[in-house]
Each structure stands twice: as C-alpha cells, then as structure tokens.
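Chemist: File model16.cif below, mmCIF, C-alpha atoms:
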```cif
data_work
loop_
_atom_site.label_atom_id
_atom_site.label_comp_id
_atom_site.auth_asym_id
_atom_site.auth_seq_id
_atom_site.Cartn_x
_atom_site.Cartn_y
_atom_site.Cartn_z
CA MET A 1 24.02 -45.38 -55.45
CA ARG A 2 23.75 -46.80 -58.96
CA ALA A 3 22.08 -44.56 -61.54
CA VAL A 4 21.73 -44.39 -65.32
CA VAL A 5 23.35 -41.12 -66.37
CA GLN A 6 23.61 -39.61 -69.83
CA ARG A 7 26.33 -37.09 -70.61
CA SER A 8 25.11 -36.10 -74.08
CA PHE A 9 21.99 -36.22 -76.21
CA GLY A 10 21.75 -39.15 -78.60
CA GLY A 11 20.54 -42.69 -79.08
CA PRO A 12 20.00 -45.29 -76.37
CA GLU A 13 23.75 -45.91 -76.26
CA VAL A 14 24.29 -42.64 -74.33
CA LEU A 15 22.63 -44.20 -71.26
CA GLU A 16 25.42 -45.22 -68.88
CA LEU A 17 25.10 -47.12 -65.60
CA THR A 18 27.39 -45.46 -63.08
CA GLU A 19 27.76 -44.42 -59.44
CA ALA A 20 26.10 -41.17 -58.37
CA ASP A 21 25.47 -39.26 -55.16
CA ARG A 22 22.38 -40.30 -53.23
CA PRO A 23 19.83 -37.44 -53.14
CA ARG A 24 18.87 -35.84 -49.82
CA PRO A 25 15.19 -35.13 -49.17
CA LEU A 26 14.25 -31.51 -48.60
CA LEU A 27 11.44 -30.15 -46.44
CA ASN A 28 8.15 -32.02 -47.19
CA GLU A 29 9.98 -34.73 -49.13
CA VAL A 30 10.72 -38.41 -48.62
CA LEU A 31 13.65 -40.48 -49.78
CA VAL A 32 12.47 -43.55 -51.65
CA ARG A 33 14.58 -46.64 -52.17
CA VAL A 34 13.47 -47.49 -55.69
CA HIS A 35 12.62 -51.10 -56.46
CA ALA A 36 11.42 -50.51 -60.04
CA ALA A 37 11.26 -47.65 -62.54
CA GLY A 38 8.84 -47.38 -65.44
CA VAL A 39 10.09 -46.50 -68.92
CA ASN A 40 7.97 -44.10 -70.99
CA PRO A 41 8.20 -42.50 -74.45
CA ILE A 42 8.90 -39.11 -72.82
CA ASP A 43 12.09 -40.60 -71.37
CA ALA A 44 13.37 -41.37 -74.87
CA HIS A 45 12.34 -37.95 -76.19
CA VAL A 46 14.27 -36.25 -73.38
CA ARG A 47 17.27 -38.55 -73.88
CA SER A 48 17.47 -37.76 -77.60
CA GLY A 49 17.06 -34.00 -77.12
CA ALA A 50 13.78 -33.94 -79.09
CA ILE A 51 12.02 -32.63 -75.96
CA PRO A 52 14.73 -30.86 -73.92
CA LEU A 53 12.83 -30.66 -70.62
CA LEU A 54 15.91 -31.02 -68.45
CA GLY A 55 18.30 -28.69 -70.25
CA GLU A 56 21.75 -29.89 -71.23
CA PRO A 57 23.17 -33.21 -69.96
CA PRO A 58 24.42 -34.68 -67.72
CA PHE A 59 21.20 -35.83 -66.07
CA VAL A 60 19.24 -38.93 -65.08
CA VAL A 61 15.97 -39.50 -66.94
CA GLY A 62 12.87 -41.28 -65.65
CA TRP A 63 9.85 -40.38 -63.52
CA ASP A 64 7.80 -43.52 -62.83
CA ILE A 65 8.92 -45.19 -59.61
CA SER A 66 7.79 -47.72 -57.02
CA GLY A 67 9.69 -48.39 -53.84
CA VAL A 68 9.94 -48.07 -50.07
CA VAL A 69 10.26 -44.89 -47.99
CA GLU A 70 13.72 -44.87 -46.40
CA GLU A 71 13.81 -41.36 -44.92
CA VAL A 72 11.15 -38.79 -44.02
CA ALA A 73 12.04 -35.08 -43.98
CA PRO A 74 10.40 -32.53 -41.65
CA GLY A 75 6.88 -31.53 -42.71
CA VAL A 76 5.84 -34.97 -43.96
CA SER A 77 2.84 -36.53 -42.20
CA ARG A 78 1.50 -38.86 -44.91
CA PHE A 79 4.22 -41.52 -44.81
CA ALA A 80 6.56 -43.29 -42.43
CA VAL A 81 9.80 -45.16 -42.99
CA GLY A 82 8.99 -48.56 -44.48
CA ASP A 83 5.84 -47.50 -46.36
CA GLU A 84 5.55 -48.78 -49.94
CA VAL A 85 4.83 -45.91 -52.34
CA PHE A 86 4.59 -45.19 -56.07
CA GLY A 87 4.29 -42.11 -58.27
CA MET A 88 5.79 -39.90 -60.98
CA PRO A 89 7.22 -36.98 -59.01
CA LEU A 90 8.49 -33.61 -60.18
CA ILE A 91 7.67 -33.88 -63.90
CA PRO A 92 8.52 -31.80 -65.98
CA ARG A 93 11.55 -31.26 -63.72
CA ALA A 94 14.11 -33.99 -63.17
CA ALA A 95 13.13 -36.78 -60.79
CA GLY A 96 16.08 -39.05 -61.61
CA GLY A 97 13.91 -42.16 -61.73
CA TYR A 98 16.52 -44.49 -63.25
CA ALA A 99 18.36 -44.75 -59.95
CA GLU A 100 18.37 -46.67 -56.68
CA TYR A 101 17.13 -43.65 -54.69
CA VAL A 102 14.79 -40.76 -55.48
CA ALA A 103 13.86 -37.78 -53.29
CA ALA A 104 10.29 -36.60 -53.93
CA PRO A 105 7.57 -34.36 -52.48
CA SER A 106 5.36 -36.60 -50.35
CA ARG A 107 2.14 -35.29 -51.91
CA GLN A 108 3.28 -36.40 -55.34
CA LEU A 109 3.32 -40.02 -54.18
CA ALA A 110 0.66 -42.46 -52.99
CA ARG A 111 0.63 -45.81 -51.24
CA LYS A 112 1.46 -48.63 -53.61
CA PRO A 113 -1.52 -50.82 -54.54
CA ALA A 114 -1.37 -53.94 -52.41
CA ALA A 115 -2.41 -56.04 -55.41
CA LEU A 116 0.61 -54.98 -57.48
CA ASP A 117 4.27 -55.81 -57.03
CA HIS A 118 6.82 -53.04 -57.50
CA PRO A 119 7.42 -53.60 -61.26
CA HIS A 120 3.70 -53.43 -62.04
CA ALA A 121 3.21 -50.44 -59.74
CA ALA A 122 6.14 -48.61 -61.37
CA ALA A 123 4.51 -49.04 -64.77
CA LEU A 124 1.30 -47.35 -63.67
CA PRO A 125 1.83 -43.68 -62.65
CA LEU A 126 2.54 -41.70 -65.83
CA ALA A 127 0.42 -43.76 -68.21
CA GLY A 128 -2.31 -44.24 -65.63
CA LEU A 129 -2.49 -40.58 -64.62
CA THR A 130 -2.51 -39.57 -68.29
CA ALA A 131 -5.52 -41.80 -68.90
CA TRP A 132 -7.26 -40.80 -65.65
CA GLN A 133 -6.75 -37.06 -66.09
CA ALA A 134 -7.83 -37.26 -69.73
CA LEU A 135 -10.94 -39.41 -69.30
CA VAL A 136 -12.11 -38.50 -65.81
CA ASP A 137 -10.83 -35.02 -65.01
CA ALA A 138 -11.01 -33.52 -68.51
CA ALA A 139 -13.89 -35.45 -70.11
CA GLY A 140 -15.98 -36.62 -67.15
CA VAL A 141 -16.37 -40.14 -68.55
CA GLY A 142 -19.04 -42.12 -66.71
CA ARG A 143 -21.93 -44.50 -67.13
CA GLY A 144 -23.71 -44.31 -70.46
CA ARG A 145 -20.87 -42.57 -72.29
CA ARG A 146 -19.31 -43.97 -75.46
CA VAL A 147 -15.54 -43.62 -75.67
CA LEU A 148 -13.06 -44.17 -78.53
CA VAL A 149 -9.53 -44.94 -77.33
CA HIS A 150 -6.86 -44.76 -80.01
CA GLY A 151 -3.98 -47.20 -79.58
CA GLY A 152 -5.66 -49.49 -77.07
CA GLY A 153 -2.70 -51.86 -76.91
CA GLY A 154 -0.22 -49.21 -75.78
CA GLY A 155 0.86 -48.04 -72.35
CA VAL A 156 -1.79 -45.32 -71.98
CA GLY A 157 -4.38 -47.04 -74.14
CA HIS A 158 -4.57 -50.36 -72.28
CA LEU A 159 -5.13 -48.51 -68.99
CA ALA A 160 -7.62 -46.07 -70.54
CA ILE A 161 -9.83 -48.93 -71.73
CA GLN A 162 -10.03 -50.32 -68.21
CA ILE A 163 -10.60 -46.95 -66.54
CA ALA A 164 -13.46 -46.14 -68.93
CA LYS A 165 -15.02 -49.57 -68.39
CA ALA A 166 -14.71 -49.27 -64.61
CA ARG A 167 -16.68 -46.02 -64.83
CA GLY A 168 -19.46 -47.68 -66.81
CA ALA A 169 -18.62 -46.45 -70.32
CA GLU A 170 -18.84 -48.33 -73.63
CA VAL A 171 -15.38 -48.54 -75.17
CA VAL A 172 -14.32 -48.69 -78.81
CA THR A 173 -10.61 -48.91 -79.50
CA THR A 174 -8.21 -49.00 -82.43
CA ALA A 175 -5.53 -51.68 -82.38
CA SER A 176 -3.69 -53.99 -84.73
CA ALA A 177 -5.13 -57.45 -85.34
CA ALA A 178 -2.28 -58.90 -83.26
CA LYS A 179 -3.49 -56.94 -80.24
CA SER A 180 -7.24 -57.50 -80.76
CA ALA A 181 -7.59 -60.35 -78.27
CA PHE A 182 -5.53 -58.42 -75.72
CA VAL A 183 -7.69 -55.28 -75.79
CA ARG A 184 -10.92 -57.31 -75.79
CA ALA A 185 -9.70 -59.08 -72.65
CA LEU A 186 -9.26 -55.66 -71.07
CA GLY A 187 -12.93 -54.90 -71.72
CA ALA A 188 -13.05 -53.21 -75.13
CA ASP A 189 -16.55 -53.63 -76.60
CA GLU A 190 -15.46 -53.02 -80.18
CA VAL A 191 -12.02 -53.21 -81.82
CA ILE A 192 -11.12 -51.52 -85.11
CA ASP A 193 -8.02 -52.80 -86.90
CA TYR A 194 -6.49 -49.51 -88.02
CA ARG A 195 -4.41 -51.30 -90.64
CA THR A 196 -7.42 -52.60 -92.57
CA ALA A 197 -10.26 -50.22 -91.65
CA ASP A 198 -10.74 -46.47 -91.33
CA PHE A 199 -12.04 -45.68 -87.84
CA ALA A 200 -13.81 -42.61 -89.23
CA ASP A 201 -16.00 -44.89 -91.36
CA ALA A 202 -16.42 -47.59 -88.71
CA VAL A 203 -17.64 -45.55 -85.72
CA ALA A 204 -19.90 -42.55 -85.10
CA GLY A 205 -21.77 -40.84 -82.27
CA VAL A 206 -18.92 -41.04 -79.78
CA ASP A 207 -19.01 -38.90 -76.63
CA VAL A 208 -15.25 -38.84 -76.02
CA VAL A 209 -12.16 -39.60 -78.09
CA LEU A 210 -8.80 -40.14 -76.40
CA ASP A 211 -6.13 -39.32 -78.98
CA SER A 212 -2.61 -40.66 -78.44
CA VAL A 213 -1.58 -40.53 -82.10
CA GLY A 214 -1.97 -36.90 -83.19
CA GLY A 215 -1.69 -35.47 -86.69
CA ASP A 216 -4.37 -36.50 -89.15
CA THR A 217 -5.80 -39.03 -86.68
CA ALA A 218 -6.60 -36.26 -84.21
CA LEU A 219 -8.23 -34.08 -86.86
CA ARG A 220 -10.32 -36.91 -88.33
CA SER A 221 -11.41 -37.96 -84.85
CA LEU A 222 -13.60 -34.86 -84.71
CA SER A 223 -15.86 -36.42 -87.33
CA VAL A 224 -16.83 -39.36 -85.09
CA LEU A 225 -17.91 -37.21 -82.14
CA ARG A 226 -21.54 -36.46 -81.39
CA PRO A 227 -22.55 -32.76 -81.11
CA GLY A 228 -21.00 -31.40 -77.95
CA GLY A 229 -18.52 -34.27 -77.74
CA THR A 230 -14.95 -34.02 -76.46
CA LEU A 231 -11.61 -34.78 -78.09
CA VAL A 232 -8.90 -35.22 -75.47
CA THR A 233 -5.45 -35.27 -77.02
CA ILE A 234 -2.21 -36.12 -75.27
CA VAL A 235 -0.19 -35.27 -78.39
CA GLU A 236 -1.62 -32.11 -80.00
CA MET A 237 -1.84 -29.91 -76.90
CA ARG A 238 -0.59 -26.82 -78.75
CA ASN A 239 -2.44 -27.38 -82.05
CA GLN A 240 -4.54 -24.24 -82.41
CA VAL A 241 -5.90 -25.30 -85.81
CA LEU A 242 -7.30 -28.45 -84.24
CA ALA A 243 -8.79 -26.48 -81.35
CA ARG A 244 -10.44 -23.93 -83.68
CA THR A 245 -11.79 -26.65 -85.97
CA ALA A 246 -13.33 -28.41 -82.97
CA ALA A 247 -14.88 -25.17 -81.70
CA ASP A 248 -16.30 -24.36 -85.13
CA ARG A 249 -18.07 -27.75 -85.10
CA GLY A 250 -19.47 -27.30 -81.62
CA LEU A 251 -17.00 -29.71 -80.05
CA ARG A 252 -14.53 -29.50 -77.19
CA CYS A 253 -10.81 -30.08 -77.70
CA VAL A 254 -8.73 -30.51 -74.55
CA GLY A 255 -4.99 -31.08 -74.36
CA VAL A 256 -3.72 -33.11 -71.41
CA THR A 257 -0.27 -33.89 -70.06
CA ALA A 258 -0.06 -35.88 -66.85
CA GLU A 259 0.55 -33.94 -63.65
CA PRO A 260 1.82 -35.45 -60.40
CA ASP A 261 -1.32 -36.04 -58.31
CA HIS A 262 -1.65 -38.24 -55.23
CA VAL A 263 -5.45 -38.10 -55.51
CA GLY A 264 -5.43 -39.65 -59.00
CA LEU A 265 -2.77 -42.17 -57.95
CA THR A 266 -4.95 -43.24 -55.02
CA GLU A 267 -7.92 -43.73 -57.37
CA LEU A 268 -5.77 -45.86 -59.67
CA ALA A 269 -4.52 -47.89 -56.73
CA ALA A 270 -8.10 -48.52 -55.62
CA LEU A 271 -9.02 -49.79 -59.10
CA ALA A 272 -5.99 -52.09 -59.09
CA ASP A 273 -6.79 -53.43 -55.63
CA SER A 274 -10.42 -54.07 -56.60
CA GLY A 275 -9.34 -56.06 -59.65
CA GLN A 276 -10.72 -53.53 -62.16
CA LEU A 277 -7.32 -52.39 -63.41
CA ARG A 278 -4.39 -54.55 -64.40
CA VAL A 279 -1.07 -53.37 -65.73
CA HIS A 280 0.47 -55.34 -68.57
CA LEU A 281 4.26 -55.54 -68.67
CA ALA A 282 5.80 -56.09 -72.07
CA ARG A 283 9.30 -56.55 -70.58
CA THR A 284 11.04 -56.29 -67.23
CA LEU A 285 14.75 -55.57 -67.49
CA PRO A 286 17.57 -54.80 -65.04
CA LEU A 287 18.68 -51.18 -64.55
CA SER A 288 21.84 -51.98 -66.51
CA ALA A 289 19.67 -52.65 -69.60
CA ALA A 290 18.21 -49.13 -69.81
CA ALA A 291 19.45 -48.74 -73.39
CA GLN A 292 17.67 -51.93 -74.42
CA ALA A 293 14.49 -50.67 -72.72
CA HIS A 294 14.65 -47.48 -74.78
CA ARG A 295 15.09 -49.43 -77.99
CA LEU A 296 11.98 -51.43 -77.13
CA ILE A 297 9.76 -48.41 -76.52
CA GLU A 298 11.08 -46.64 -79.59
CA SER A 299 10.17 -49.65 -81.73
CA GLY A 300 6.50 -48.76 -81.27
CA SER A 301 5.55 -52.42 -81.15
CA THR A 302 5.46 -53.13 -77.43
CA MET A 303 2.16 -54.19 -75.86
CA GLY A 304 1.83 -52.55 -72.47
CA LYS A 305 4.78 -51.19 -70.49
CA VAL A 306 8.54 -51.68 -70.07
CA VAL A 307 10.05 -51.54 -66.58
CA LEU A 308 13.55 -51.46 -65.09
CA THR A 309 14.26 -53.21 -61.78
CA MET A 310 17.05 -52.39 -59.33
#
```
Could you quickly redo this structure as structure tokens?
Modeler:
Amino acid sequence: MRAVVQRSFGGPEVLELTEADRPRPLLNEVLVRVHAAGVNPIDAHVRSGAIPLLGEPPFVVGWDISGVVEEVAPGVSRFAVGDEVFGMPLIPRAAGGYAEYVAAPSRQLARKPAALDHPHAAALPLAGLTAWQALVDAAGVGRGRRVLVHGGGGGVGHLAIQIAKARGAEVVTTASAAKSAFVRALGADEVIDYRTADFADAVAGVDVVLDSVGGDTALRSLSVLRPGGTLVTIVEMRNQVLARTAADRGLRCVGVTAEPDHVGLTELAALADSGQLRVHLARTLPLSAAAQAHRLIESGSTMGKVVLTM
C-alpha cells in the first residue's frame, strides 16, 4: 500500500510517500480501506518531535480516517465488509492514518454520516470529539447556557460553535474580522475580533469557556466566567497554577484531550445527518501532498480543516 512515512523528526519535508506493508487486523479489529485522512495540529507536533507520542521514527502519522471496511477479524459484530466508517483510532498510539489501509479496533469507529462524503467525514473525528467531549461530557452544555468558544474559525472551534448551538446554548466566539461572517453563519450569536478588542472586557457572565489557545488567554478566561462556571482547556491540561487559580475563585478547570469513542462519533454523525453540523474544509489535497498539508496547518491561518485523499 502507499503510505506517508517519516524517517526522522523535522519539518514537513521529512514526510515521504512510499510503499509499506498493509496492516493485518487483530482480534476485535477491522481493516479499513482509507478514502480520506484528516490532518490535525497534533500530526505536525508529532512529526517535528515537539510531542514525541510515537517514539523515534520511522512511523506513519495521522489518526483521522474515513473509509470502507475491507476485512473483519474475529470478535467484531458491529460492522461487515463494505460498511462505510470513520473515526480516530488508537490515539495516542500510532494509527498510521496517512495510508491506504488502517487496522483499528471496531469500537473506536462509527458508521460514516450519510450526509458527508469521505473527505468531510475524515475531517470530523479528532476535532469533533474534542469539542463534544469538552462541551458535552466535561461541561454539560445545554439549553440556557452561555458559552465562549475561543478560535471559532479553527478546526475545533467551528465544530464547537455548532455543537453548542445544537444543544440550545448561546454562543460567543473570538475570531478575526476575516472569519466573522463564517462563524456567524455557523450560529455564533456574538463575535469578538481578538485583534481589536479584549474578550475579557467584551464579555461576562459566561457559563463555559472552551480554551484552544492557552497561556494568558486561558488564565484571563477565568475572569469572564460566572460563579461556579467551567473553563475547559484543550491546551493547558497540566497547568496546575491555572487549576489552583480557578479553584480559588470557585470555578472549575477541566483539561480535555480527545479519546477514541464510538458513542461520541455516533452523536456527531447524527448531528451531521440532521443538518445541524457541517464540516468546513479549507483544502483537500492528495496523499502525495502531505508536506503541503502540514505547511498549511502550521501557518495558523486556515479556516476549518485540511484533508488528504487517497
């Protein structure tokens, strides 16, 4: 099969399209013929060595996939050959998503939303589960809640806005002026241009803040929360100073990293099929252009997601 392998840490140029052995599914796994693979910031961090999840190269990065079940190992009852599935299996272990085939535990996948093609479905799992697990599982966002989503134009942010709105919440988001119309079209009730206004002065009495920026933004976000409010951060999970400061103010601080979860994936698929969740693709590129995809996500200027197709 074709796969994008890296043999050393470094810049996007270390990503090399080559031939590799097709994986074999183990007990309780399925073999998926991948049609599209999502590209996420974690992929670039692993590639560069900044977050060495997979040890030393060589390895194949990537977790987000959408494709068709080609083989079913013993123990699997959820899927049959020919089923369309999507997910982000095995993270933080290697899934080898930038490849034509991936072997994955069946319960870490779900049926692909019928309303989405494979590129859009491949863009959904990691960002979507991050938003879902942060807003729903960790913060219990529902009707009548007021939510501040930092970075509403990004991969996680643009999905978080829609998930919060689908659950009946009022949504405030930070975004550049260039992305204002985009996030409003997703359902944001109020948009704060972080380049010209300080969100800490512009908003108050928020029930939940979803922090995807970290640093000073995470710390200052505590000031906009109502008593008993919740800061969910996907960046500062290990920041004990932030956690203690929140506790001292009578606030909750929860760190979230996305876990493989077929239940959450099924909820996201239902939202997509009902028209309440759409996935915005910034670029769709061939597998051979993996290096270009990494340059795009590292630029920090993409609106939505970047996807590789086989």
Chemist: Which polymer residues, protein or nucleic acid, are no farther than 12 Å from (-24.6, -39.0, -82.7), counting all atoms listed in the file, as a PyMOL selection string?
Modeler: chain A and resi 145-146+203-208+222-229
Chemist: Point out the residue among A:Ala123, A:Ala293, A:Leu27, A:Ile42 with the least atom-to-atom distance to A:Val76, counting all atoms listed in the file.
Modeler: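 Of A:Ala123, A:Ala293, A:Leu27, A:Ile42, the one nearest A:Val76, counting all atoms listed in the file, is A:Leu27.
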Chemist: Could you write out as a list of chain:residue names the residues that the PyMOL selection byres ((chain A and resi 132-142) around 6) matches in the shown file?
Modeler: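 Going through the file, the PyMOL selection byres ((chain A and resi 132-142) around 6) ends up selecting A:Leu129, A:Thr130, A:Ala131, A:Arg143, A:Arg145, A:Arg167, A:Gly168, A:Ala169.
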Chemist: Grab the atom CA of A:Arg33 to atom CA of A:Glu100 distance for me, in Å with one decimal place.
Modeler: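 Answer for the atom CA of A:Arg33 to atom CA of A:Glu100 separation: 5.9 Å.
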Chemist: Please tell me which residues are no farther than 12 Å from (6.1, -45.7, -63.5) in the file, counting all atoms listed in the file, and write them as number ranges by chain.
Modeler: A: 34-43, 62-67, 85-89, 91, 95, 97-98, 109, 112, 118-130, 155-156, 260, 265, 279, 281, 305-309
Chemist: Here is a test: counting only C-alpha atoms, which residue of A:Arg238, A:Gln162, A:Gly214, A:Gly151 is nearest to A:Ile192?
Modeler: A:Gly151
Chemist: With a distance cut-off of 12 Å and all atoms listed in the file, select the neighbouring residues of A:Ser288, excluding the residue or stretch itself and same-chain residues fewer than 2 positions from it, and output the selection as a ChimeraX atom specification.
Modeler: /A:2-5,13,15-19,98-100,284-286,290-294,307-310
